[in-house]
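A quick write-up on the structure given underneath.
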Amino acid sequence: MNKKHPGGKPSPSTSPPRSAPSPDHGDATATPASAADPKRWWALAVIALAQLMVILDGTIVNIALPSAQRALGMPDADRQWVITAYTLAFGGLLLLGGRIADLVGRKRAFVIGLAGFAVASALGGAAAGPGTLFAARALQGAFAAVLAPSALSLLTTTFTDPRERAKAFGVYGALAGGGSGAGLLVGGLLTEYLNWRWCLYVNVPVALAALIGAQVFLRDRSGRRGGHLDVPGVLLGSGGLVALVYGFSEAGPRGWTSPWVAAPLMAGVLLLAAFVWWQQRAAGPLLPLRIFRDRSRAGAFATMGLATIGMFGVFLFLTYYFQAVLGYPPVRTGLAFMPVSVGIVIGATQIAARLLPRTAPHTLMASDMVLAAAGMVLLSHLTVHAQYVPHVLPGLLLVGLGMGLTFMPVYATATVGVPTQDTGAASAALTTVQQIGASLGTVLLNTIATGATGRHSRAHGPADSGTALAEAMVHGFSVAYWCSAGVLLLAALVAALTVRRGKPSQAGSKPSA
């Protein structure tokens, strides 16, 4: 054990364990040591519940979408907005939500996000027409953008002991990675046995339970006195992110050459370039660039983005594979995804949480991305006649374990050493990387799969039977899985080369002169 001064900081004569994340040394106003708060594990339960709700809502509506479309008379051209409205608002407003948490206080932002999310969910569940549903989904995304970074920053400041921090981030990483798969199962169950509206109504009691828990168990300081919101940064950053997410979402149905795709993507790049320029000059920046000056932290961000791009090949293509090729109903489809979620939970909470205090983060990240890539390679060998247990299950388990083992050290490395006044911004930036990675991965991999399917059909003559169509589709999925494996291997390389053996330094966490 390290010797400590009375204030709780390590003595200069000693150093923390080689790879264990250490307490936040960058801010004297940090929350007291987690060991002094007997309610800290109940606080983790509240934070985890809120995080699970946000992650579930990214996929829970997917399986319910056909039923909602029929009930509301929604045109085919508009149905994508049930998904896009949420991702646009969530991804585009995350940086703003993170800075709001820093200014008004994390607990207050957490409560605001929960309450707003519950109201928006109730509005969506009661929607009488498509417009109301689209608006409710956008409101859900906006309040999720306030809720998610405040939840992660509360976790960062609540758990400062290295071993407890590892356990807490193991739970958080398991929810972040496995929640999407669980959302498909919950959506299938609610849609099949109740109706599609309950995919939205279910958030109301969950949010109310988390609100009560937040008032009882969460501890946090008040907002930063004298702080102000960087309005130009909000306009440039949020505008650029919204433009990018919109462009990616439209690339699938319209194609990359459409002006409705090219124009938003170009605008997004230009706005984000202007945002970076402005952040270097703003007195109170929306996203302090000092957060990224540490090489290990920047490497963790890059690893997260690449891992998310590669991971979304599983949920995107296997949904079609299970239902269109193997003929699974919605509930069975959701159940078929559970090994991914189970693997992520086990990898993050039972393996990574035990290894991180004594293993270098870059070793965990790199080796586990290789494990997930191996799972993708196994999935690339699926055929139209494959059976679930011998052919699909091994790949799902490898992908789940690899992701769970990766997410946990990424979260811990990306947030350790960030000054308390910047934890909201850092948490928002990490969640933004996930959202952009998910949008980009969905579009890129879908484009690759669609192109490979078309080429297979042309090379093997007209697809005049269901079997021929299924074979062409599965071939496209196989090509996309190989590409996913390549992206995951690139993530392993980035982690190995950029993340140092020890914890991120504090140098990048201090304001520049």
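Simple scheme: letters A, B, ... for chains in structure tokens order, numbers from 1 for residues in each chain, numbers from 1 for ligands in the order shown.
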Run DSSP on the backbone and grab whatever in region 30-261 of chain A lands in helix (DSSP H, G or I); send it over as a PyMOL selection string. chain A and resi 34-36+40-56+60-72+76-78+81-104+106-125+130-158+162-193+198-201+203-217+231-254+259-261
I want to know what sits within 9 Å of Ala302 (chain A), based on only C-alpha atoms, with residues of the same chain fewer than 6 positions away left out; could you give that as a list in words?
Val433, Ala491, Val494 and Ala495 of chain A
_I'd like to know which of A:Arg219, A:Arg358, A:Arg332, A:Arg458 is closest to Gly105 (chain A), using only C-alpha atoms._
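Using only C-alpha atoms, Gly105 (chain A) sits closest to A:Arg219.
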Mind dumping a table of every region 217-272 of chain A residue within 10 Å of region 434-443 of chain A, with the nearest atom pair and its distance in Å to one decimal, using only C-alpha atoms, sorted by chain and rising number, as a tab-separated table?
```
residue	atom	partner	partner_atom	distance
A:Leu241	CA	A:Ile436	CA	8.1
A:Val242	CA	A:Ile436	CA	9.9
A:Leu244	CA	A:Ile436	CA	8.0
A:Val245	CA	A:Ser439	CA	6.3
A:Tyr246	CA	A:Ser439	CA	8.9
A:Gly247	CA	A:Ser439	CA	9.4
A:Phe248	CA	A:Leu440	CA	6.0
A:Ser249	CA	A:Ser439	CA	6.7
A:Glu250	CA	A:Val443	CA	8.5
A:Ala251	CA	A:Val443	CA	6.5
A:Gly252	CA	A:Val443	CA	5.8
A:Pro253	CA	A:Val443	CA	9.5
A:Gly255	CA	A:Val443	CA	9.8
A:Trp256	CA	A:Val443	CA	9.8
```
Keeping all heavy atoms, export the residues of the selection given above as a tab-separated table (two decimals), in the first residue's frame.
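Contents of selection-v9.tsv, as written:
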```
chain	number	residue	atom	x	y	z
A	241	LEU	N	-21.52	18.30	-34.74
A	241	LEU	CA	-21.86	16.92	-34.41
A	241	LEU	C	-23.21	16.53	-35.00
A	241	LEU	O	-23.37	15.42	-35.52
A	241	LEU	CB	-21.87	16.73	-32.89
A	241	LEU	CG	-20.50	16.79	-32.21
A	241	LEU	CD1	-20.66	16.77	-30.70
A	241	LEU	CD2	-19.63	15.63	-32.67
A	242	VAL	N	-24.20	17.42	-34.91
A	242	VAL	CA	-25.51	17.14	-35.50
A	242	VAL	C	-25.38	16.93	-37.01
A	242	VAL	O	-25.97	16.00	-37.58
A	242	VAL	CB	-26.50	18.28	-35.19
A	242	VAL	CG1	-27.75	18.17	-36.06
A	242	VAL	CG2	-26.89	18.26	-33.72
A	244	LEU	N	-22.73	15.91	-38.69
A	244	LEU	CA	-22.06	14.63	-38.96
A	244	LEU	C	-22.99	13.45	-38.76
A	244	LEU	O	-23.08	12.54	-39.60
A	244	LEU	CB	-20.84	14.48	-38.06
A	244	LEU	CG	-19.54	15.19	-38.46
A	244	LEU	CD1	-18.44	14.81	-37.48
A	244	LEU	CD2	-19.13	14.81	-39.88
A	245	VAL	N	-23.69	13.42	-37.63
A	245	VAL	CA	-24.59	12.30	-37.34
A	245	VAL	C	-25.70	12.23	-38.38
A	245	VAL	O	-26.06	11.14	-38.85
A	245	VAL	CB	-25.18	12.43	-35.92
A	245	VAL	CG1	-26.23	11.35	-35.67
A	245	VAL	CG2	-24.08	12.34	-34.87
A	246	TYR	N	-26.24	13.38	-38.79
A	246	TYR	CA	-27.28	13.40	-39.81
A	246	TYR	C	-26.74	12.87	-41.14
A	246	TYR	O	-27.38	12.06	-41.81
A	246	TYR	CB	-27.83	14.81	-40.00
A	246	TYR	CG	-28.86	14.91	-41.10
A	246	TYR	CD1	-30.17	14.52	-40.88
A	246	TYR	CD2	-28.51	15.37	-42.37
A	246	TYR	CE1	-31.11	14.59	-41.89
A	246	TYR	CE2	-29.43	15.44	-43.39
A	246	TYR	CZ	-30.74	15.05	-43.15
A	246	TYR	OH	-31.67	15.11	-44.16
A	247	GLY	N	-25.55	13.33	-41.53
A	247	GLY	CA	-24.97	12.87	-42.78
A	247	GLY	C	-24.75	11.37	-42.78
A	247	GLY	O	-25.05	10.68	-43.77
A	248	PHE	N	-24.23	10.83	-41.67
A	248	PHE	CA	-24.02	9.39	-41.59
A	248	PHE	C	-25.35	8.64	-41.66
A	248	PHE	O	-25.45	7.60	-42.32
A	248	PHE	CB	-23.31	9.03	-40.27
A	248	PHE	CG	-21.88	9.48	-40.21
A	248	PHE	CD1	-21.30	9.83	-39.00
A	248	PHE	CD2	-21.11	9.56	-41.36
A	248	PHE	CE1	-19.99	10.24	-38.92
A	248	PHE	CE2	-19.79	9.98	-41.30
A	248	PHE	CZ	-19.22	10.32	-40.09
A	249	SER	N	-26.37	9.15	-40.98
A	249	SER	CA	-27.66	8.46	-40.96
A	249	SER	C	-28.34	8.46	-42.33
A	249	SER	O	-29.07	7.53	-42.67
A	249	SER	CB	-28.59	9.09	-39.93
A	249	SER	OG	-28.94	10.42	-40.30
A	250	GLU	N	-28.09	9.50	-43.13
A	250	GLU	CA	-28.71	9.58	-44.46
A	250	GLU	C	-27.92	8.84	-45.52
A	250	GLU	O	-28.42	8.60	-46.62
A	250	GLU	CB	-28.85	11.05	-44.87
A	250	GLU	CG	-29.88	11.82	-44.06
A	250	GLU	CD	-31.29	11.30	-44.29
A	250	GLU	OE1	-31.75	11.30	-45.44
A	250	GLU	OE2	-31.92	10.87	-43.30
A	251	ALA	N	-26.67	8.48	-45.23
A	251	ALA	CA	-25.85	7.81	-46.25
A	251	ALA	C	-26.39	6.44	-46.62
A	251	ALA	O	-26.27	6.01	-47.76
A	251	ALA	CB	-24.41	7.68	-45.74
A	252	GLY	N	-27.01	5.75	-45.64
A	252	GLY	CA	-27.56	4.43	-45.92
A	252	GLY	C	-28.67	4.47	-46.95
A	252	GLY	O	-28.58	3.85	-48.02
A	253	PRO	N	-29.77	5.20	-46.69
A	253	PRO	CA	-30.87	5.22	-47.65
A	253	PRO	C	-30.61	6.04	-48.92
A	253	PRO	O	-31.18	5.74	-49.97
A	253	PRO	CB	-32.03	5.83	-46.84
A	253	PRO	CG	-31.38	6.64	-45.78
A	253	PRO	CD	-30.11	5.91	-45.44
A	255	GLY	N	-27.30	7.10	-50.19
A	255	GLY	CA	-26.03	6.89	-50.88
A	255	GLY	C	-25.07	8.04	-50.60
A	255	GLY	O	-25.47	9.18	-50.35
A	256	TRP	N	-23.77	7.73	-50.68
A	256	TRP	CA	-22.74	8.71	-50.32
A	256	TRP	C	-22.68	9.89	-51.27
A	256	TRP	O	-22.18	10.96	-50.91
A	256	TRP	CB	-21.37	8.03	-50.27
A	256	TRP	CG	-21.23	7.09	-49.12
A	256	TRP	CD1	-21.36	5.74	-49.16
A	256	TRP	CD2	-20.96	7.42	-47.76
A	256	TRP	NE1	-21.18	5.20	-47.91
A	256	TRP	CE2	-20.92	6.21	-47.03
A	256	TRP	CE3	-20.73	8.61	-47.09
A	256	TRP	CZ2	-20.68	6.17	-45.66
A	256	TRP	CZ3	-20.48	8.57	-45.72
A	256	TRP	CH2	-20.46	7.36	-45.02
```
| query | Quick one: distance from CA of Ala352 (chain A) to CA of Thr59 (chain A) in Å, one decimal? | reply |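 Computed distance, CA of Ala352 (chain A) to CA of Thr59 (chain A), equals 25.5 Å.
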Option closest in space to Ala429 (chain A), from A:Ala71, A:Leu96, A:Ala126, A:Ala360 [counting only C-alpha atoms]: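 Comparing A:Ala71, A:Leu96, A:Ala126, A:Ala360 against Ala429 (chain A), the winner is A:Leu96.
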* **Proximity to Ala492 (chain A) - best of A:Leu371, A:Pro66, A:Met376, A:Ala425, only C-alpha atoms** =>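 Closest to Ala492 (chain A) of all the choices is A:Leu371.
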Item to complete: Name all residues at most 6 Å from region 469-479 of chain A (count only C-alpha atoms; drop same-chain ones fewer than 2 positions away) and give them as a PyMOL selection string.
Response: chain A and resi 325+380+449+452-453+456-457+463+466-467+481-482
Between A:Phe169, A:Cys199, A:Thr432, A:Thr156, which has the minimum distance to Gln350 (chain A) (counting only C-alpha atoms)?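 Going through A:Phe169, A:Cys199, A:Thr432, A:Thr156 one by one, the smallest distance to Gln350 (chain A) is for A:Phe169.
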